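Visitor: My questions all concern the structure below.
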Amino acid sequence: MTNAIKFGFLILAWLFLASLSPLLAQQKGQYVPGQWGLNAGAIPDPGFTYGNLALNYSAGQLNNSNGNAVPGITGTYAFWVDENILYYVPKHKFLGGYFMPYIVLAFANGSLVADITGTNLSANGGGTGFADMYVQPVNLGWHLKRADVNVGYGFTAPTGRFTAGASNNVGSGYWGNDLTTNTTFYVTKNKGTSANLATVWEIHGQKAGTNITPGQAFTMEWAFGQVLPLKKDFSRLFQFGLVGYDQWQVSNNGGRTALLPYYSSHGIGFQTNFILPAKSLSFFFKFYDAFSAKATAQGRTIVFGGSWTLRIPKPEPPKPATPPPSTPKP
């Protein structure tokens with residue numbers, strides 16, 4: 001996990017503007033890009049791992065299906081989320097790999113302020129509170145010679161506050177099922193240079209109080225990084241690299257939003273990590289700028305946080321029996 005932590009839900013939708021434009025009622029998936037990056041496939045040491053990740057997304061532009069800004073609409077769309085991630089990795093292997101389930105508990109705060117030029121219409125909204133919960137009960141990871149790989153299944157439970165048509169929702173209002181893969185390939189033998197890839201395939205249920213079922217979505221996050229020792233004994237490490245994401249809607253919505261255009265978003269940025277290997281402690285900072293978006297908002301993402309592992313102590317080898325003292329001969 002180290003610097004790669006997953007978040008399973010989208011905080012706010014522009015639902016209360018739905019009557020103004022079908023585009024603004026677009027049904028986004030639950031996964032927010034920017035969760036993964038460097039060390040995407042890293043496997044925590046056996047034990048308990050706690051991670052905290054703060055994510056801020058802000059946008060001042062809404063694009064149509066051609067990727068151009070929708071004329072006549074100005075304002076801001078932003079949210080903060082604080083994720084608390086709990087991992088447990090047993091020391092015994094399963095199918096040659098490590099069983100590594102985890103859960104995400106999050107608190108969210110979001111807002112939307114929009115003005116529609118040329119009309120007397122405007123909208124304000126936002127919500128604060130505990131958001132949807134993400135659980136990955138099945139997650140297996142393998143240490144290979146030149147790569148770390150893990151695959152899993154997770155689900156999003158709609159535990160966040162949601163009422164159809166409300167402007168202060170902090171939950172998505174529907175169940176989600178995710179199929180995930182994470183890979184870190186070590187380009188060099190000393191594992192200092194790496195290429196990373198994470199994928200998430202989302203399958204969604206029907207939104208509560210509506211006949212709407214958001215279409216399936218696929219997200220790919222990638223990164224290339226380099227580790228530099230800050231001390232000769234490698235007790236302090238600095239890691240930096242290029243990160244990015246690509247997200248697409250891959251199937252039709254169900255219900256009254258079935259005819260809406262598919263959305264997509266693409267972003268690029270950088271990541272820096274500060275790692276203390278002996279203490280199983282790490283901190284990270286990431287920045288993404290969306291350079292392309294269709295049928296959705298286009299903005300920036302800032303992510304920062306850290307993780308710490310309480311390792312399961314390795315059993316000490318049994319000490320050889322001490323022979324009894326020899327008895328002096330008479």
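All residue names refer to the structure tokens as shown: chains lettered A, B, ... in order, residues numbered from 1 in each chain, ligands numbered from 1 in order.
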List the neighbours of A:Val135 out to 6 Å using only C-alpha atoms; skip same-chain residues closer than 2 positions along the sequence, and give me the result as a list in words.
Guide: Ile103, Gly154 and Phe155 of chain A
Visitor: What's the 12 Å shell around A:Thr181, counting only C-alpha atoms, without same-chain residues fewer than 4 positions away, as a list in words?
Guide: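 Result of the neighbour search: Lys6, Trp36, Ala40, Gly41, Ala42, Val138, Asn139, Leu140, Gly141, Trp142, Asp148, Val149, Asn150, Val151, Gly152, Tyr153, Gly154, Asn196, Leu197, Ala198, Thr199, Val200, Trp201, Phe218, Thr219, Met220, Glu221 and Trp222 of chain A.
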Visitor: Report as a ChimeraX atom specification all protein, DNA and RNA residues lying within 12 Å of A:Tyr50, evaluated on only C-alpha atoms, omitting residues in the same chain fewer than 6 positions from it.
Guide: /A:1-5,44,83-89,102-105,280-282,305-311
Visitor: Pull the strand (DSSP E or B) assignments for stretch 132-260 of chain A out of DSSP run on the backbone, and list those residues as a VMD selection string.
Guide: chain A and resid 133 to 143 147 to 157 176 to 186 193 to 204 213 217 to 229 237 to 249 254
Visitor: Include C-alpha atoms and write out the residues we just selected as a compact mmCIF listing (two decimals), in the first residue's frame.
Guide:
```
# COMPACT_ATOMS: atom_id res chain seq x y z
CA MET A 133 -17.91 3.13 2.69
CA TYR A 134 -15.58 1.12 0.48
CA VAL A 135 -14.67 -2.48 1.33
CA GLN A 136 -12.30 -4.81 -0.52
CA PRO A 137 -12.85 -8.25 1.07
CA VAL A 138 -10.88 -10.09 -1.62
CA ASN A 139 -7.41 -8.81 -2.48
CA LEU A 140 -4.38 -11.00 -3.24
CA GLY A 141 -0.83 -9.77 -3.82
CA TRP A 142 2.34 -11.45 -5.06
CA HIS A 143 6.00 -10.48 -4.82
CA ALA A 147 7.27 -6.83 -9.96
CA ASP A 148 4.64 -6.56 -7.24
CA VAL A 149 1.13 -7.47 -8.43
CA ASN A 150 -2.26 -7.61 -6.73
CA VAL A 151 -5.83 -8.22 -7.91
CA GLY A 152 -9.07 -7.80 -6.02
CA TYR A 153 -12.80 -7.32 -5.77
CA GLY A 154 -14.36 -4.49 -3.78
CA PHE A 155 -17.73 -2.87 -3.27
CA THR A 156 -19.06 0.56 -2.36
CA ALA A 157 -21.85 0.57 0.23
CA GLY A 176 -21.06 -0.35 -6.69
CA ASN A 177 -18.90 -3.36 -7.53
CA ASP A 178 -15.24 -2.97 -8.53
CA LEU A 179 -12.71 -5.28 -10.16
CA THR A 180 -9.18 -3.99 -9.55
CA THR A 181 -5.58 -4.68 -10.57
CA ASN A 182 -2.37 -3.03 -9.36
CA THR A 183 1.14 -3.54 -10.70
CA THR A 184 4.56 -2.09 -9.94
CA PHE A 185 7.27 -3.20 -12.37
CA TYR A 186 10.86 -2.58 -11.26
CA THR A 193 13.17 2.87 -10.94
CA SER A 194 9.58 1.70 -11.41
CA ALA A 195 6.63 1.75 -13.80
CA ASN A 196 3.17 1.48 -12.25
CA LEU A 197 -0.35 0.72 -13.45
CA ALA A 198 -3.66 0.49 -11.57
CA THR A 199 -7.06 -0.31 -13.12
CA VAL A 200 -10.61 -0.15 -11.76
CA TRP A 201 -13.71 -1.49 -13.54
CA GLU A 202 -16.93 -0.22 -11.94
CA ILE A 203 -20.36 -1.89 -12.18
CA HIS A 204 -23.19 0.13 -10.61
CA THR A 213 -28.50 3.22 -13.10
CA ALA A 217 -16.78 2.97 -15.94
CA PHE A 218 -13.13 2.05 -16.43
CA THR A 219 -10.24 3.98 -14.88
CA MET A 220 -6.53 3.53 -15.53
CA GLU A 221 -3.87 5.23 -13.40
CA TRP A 222 -0.18 5.12 -14.32
CA ALA A 223 3.11 6.39 -12.94
CA PHE A 224 6.87 6.35 -13.57
CA GLY A 225 9.14 7.00 -10.60
CA GLN A 226 12.66 7.07 -9.19
CA VAL A 227 13.91 6.56 -5.62
CA LEU A 228 16.89 8.52 -4.29
CA PRO A 229 18.53 7.81 -0.90
CA LEU A 237 14.35 7.84 0.88
CA PHE A 238 12.96 10.44 -1.50
CA GLN A 239 10.82 9.28 -4.43
CA PHE A 240 9.49 11.40 -7.27
CA GLY A 241 7.80 10.75 -10.56
CA LEU A 242 5.25 11.44 -13.28
CA VAL A 243 1.64 10.34 -12.65
CA GLY A 244 -1.56 10.40 -14.65
CA TYR A 245 -5.05 8.97 -15.08
CA ASP A 246 -7.56 8.13 -17.81
CA GLN A 247 -11.23 7.47 -17.07
CA TRP A 248 -14.02 6.46 -19.46
CA GLN A 249 -17.69 5.57 -19.25
CA GLY A 254 -30.12 3.09 -17.37
```
Visitor: Run DSSP on the backbone and give me the residues of stretch 153-291 of chain A it puts in helix (DSSP H, G or I), as number ranges by chain.
Guide: A: 255-257, 277-279
Visitor: Skip stretch 293-298 of chain A itself and residues of its chain fewer than 6 positions away, then list as a PDB file with C-alpha atoms, in the first residue's frame all residues within 9 Å of it, counting only C-alpha atoms.
Guide:
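After the write, part-v1.pdb holds the following:
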```pdb
ATOM      1  CA  LEU A  23     -25.588  17.395 -19.509  1.00  0.00           C
ATOM      2  CA  LEU A  24     -25.461  18.576 -15.897  1.00  0.00           C
ATOM      3  CA  GLN A  26     -24.535  13.192 -16.051  1.00  0.00           C
ATOM      4  CA  LYS A  28     -20.564   9.798 -12.937  1.00  0.00           C
ATOM      5  CA  SER A  58     -11.835  21.681  -7.805  1.00  0.00           C
ATOM      6  CA  ALA A  59     -13.188  22.692 -11.205  1.00  0.00           C
ATOM      7  CA  GLY A  60     -14.399  25.916 -12.748  1.00  0.00           C
ATOM      8  CA  GLN A  61     -15.370  24.535 -16.140  1.00  0.00           C
ATOM      9  CA  LEU A  62     -18.055  22.136 -17.339  1.00  0.00           C
ATOM     10  CA  ASN A  63     -17.430  20.562 -20.758  1.00  0.00           C
ATOM     11  CA  ASN A  64     -19.850  19.187 -23.321  1.00  0.00           C
ATOM     12  CA  SER A  65     -19.485  15.880 -25.169  1.00  0.00           C
ATOM     13  CA  ASN A  66     -16.984  17.448 -27.579  1.00  0.00           C
ATOM     14  CA  GLY A  67     -14.685  18.548 -24.768  1.00  0.00           C
ATOM     15  CA  ASN A  68     -15.557  22.250 -25.085  1.00  0.00           C
ATOM     16  CA  ALA A  69     -16.700  24.470 -22.213  1.00  0.00           C
ATOM     17  CA  TYR A  77     -17.437  22.736  -8.198  1.00  0.00           C
ATOM     18  CA  LEU A 260     -26.763  11.125 -22.181  1.00  0.00           C
ATOM     19  CA  PRO A 261     -23.327  11.177 -23.881  1.00  0.00           C
ATOM     20  CA  TYR A 262     -20.509   9.107 -22.403  1.00  0.00           C
ATOM     21  CA  TYR A 263     -18.100  11.025 -20.170  1.00  0.00           C
ATOM     22  CA  SER A 264     -14.318  10.781 -20.056  1.00  0.00           C
ATOM     23  CA  SER A 265     -11.478  12.557 -18.266  1.00  0.00           C
ATOM     24  CA  HIS A 266      -7.676  12.550 -18.592  1.00  0.00           C
ATOM     25  CA  GLY A 267      -5.126  14.119 -16.260  1.00  0.00           C
TER      26      GLY A 267
END
```
Visitor: In Å, rounded to a single decimal, give me how far atom CA of A:Thr76 is from atom CA of A:Lys286.
Guide: 21.4 Å
Visitor: So the first atom is atom CA of A:Ala78 and the second is atom CA of A:Thr128; what is the distance between them in Å, to one decimal place?
Guide: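 Separating atom CA of A:Ala78 from atom CA of A:Thr128 is a distance of 12.2 Å.
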Visitor: Tell me which of A:Val81, A:Gly110, A:Phe287, A:Arg146 sits closest to A:Lys189, counting only C-alpha atoms.
Guide: A:Arg146
Visitor: For A:Lys91, please output as a PyMOL selection string all residues within 9 Å (counting only C-alpha atoms; exclusion window: fewer than 6 positions along the same chain).
Guide: chain A and resi 45-47+98-99+312+314
Visitor: Store the residues picked out above in a file with N, CA and C atoms, as a PDB file, in the first residue's frame.
Guide:
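So out.pdb came out as:
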```pdb
ATOM      1  N   ASP A  45       3.724  -4.924   4.485  1.00  0.00           N
ATOM      2  CA  ASP A  45       4.288  -6.009   5.275  1.00  0.00           C
ATOM      3  C   ASP A  45       3.191  -6.648   6.113  1.00  0.00           C
ATOM      4  N   PRO A  46       3.326  -7.936   6.442  1.00  0.00           N
ATOM      5  CA  PRO A  46       2.332  -8.576   7.316  1.00  0.00           C
ATOM      6  C   PRO A  46       2.129  -7.776   8.592  1.00  0.00           C
ATOM      7  N   GLY A  47       0.867  -7.532   8.912  1.00  0.00           N
ATOM      8  CA  GLY A  47       0.524  -6.740  10.080  1.00  0.00           C
ATOM      9  C   GLY A  47      -0.644  -5.828   9.783  1.00  0.00           C
ATOM     10  N   TYR A  98      -0.105 -12.956  -0.790  1.00  0.00           N
ATOM     11  CA  TYR A  98      -0.566 -12.420   0.476  1.00  0.00           C
ATOM     12  C   TYR A  98      -2.031 -12.004   0.364  1.00  0.00           C
ATOM     13  N   PHE A  99      -2.823 -12.401   1.346  1.00  0.00           N
ATOM     14  CA  PHE A  99      -4.213 -11.989   1.447  1.00  0.00           C
ATOM     15  C   PHE A  99      -4.234 -10.639   2.150  1.00  0.00           C
ATOM     16  N   ILE A 312       3.786  -7.573  12.077  1.00  0.00           N
ATOM     17  CA  ILE A 312       3.723  -8.775  12.899  1.00  0.00           C
ATOM     18  C   ILE A 312       5.148  -9.240  13.138  1.00  0.00           C
ATOM     19  N   LYS A 314       8.430 -11.278  13.528  1.00  0.00           N
ATOM     20  CA  LYS A 314       8.831 -12.593  13.062  1.00  0.00           C
ATOM     21  C   LYS A 314       9.248 -13.455  14.240  1.00  0.00           C
TER      22      LYS A 314
END
```
Visitor: Taking into account only C-alpha atoms, which residue in the set A:Asp82, A:Ser292, A:Gly173, A:Thr74 is nearest to A:Gly51?
Guide: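 Checking each of A:Asp82, A:Ser292, A:Gly173, A:Thr74 against A:Gly51, counting only C-alpha atoms, the winner is A:Asp82.
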Visitor: Taking only C-alpha atoms into account, name the residue in A:Leu144, A:Val170, A:Leu38, A:Ile302 that is nearest to A:Gly129.
Guide: A:Val170
Visitor: Could you work out how far atom CA of A:Gly205 lies from atom CA of A:Val250, giving the answer in Å with one decimal?
Guide: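 Interatomic distance here is 15.0 Å.
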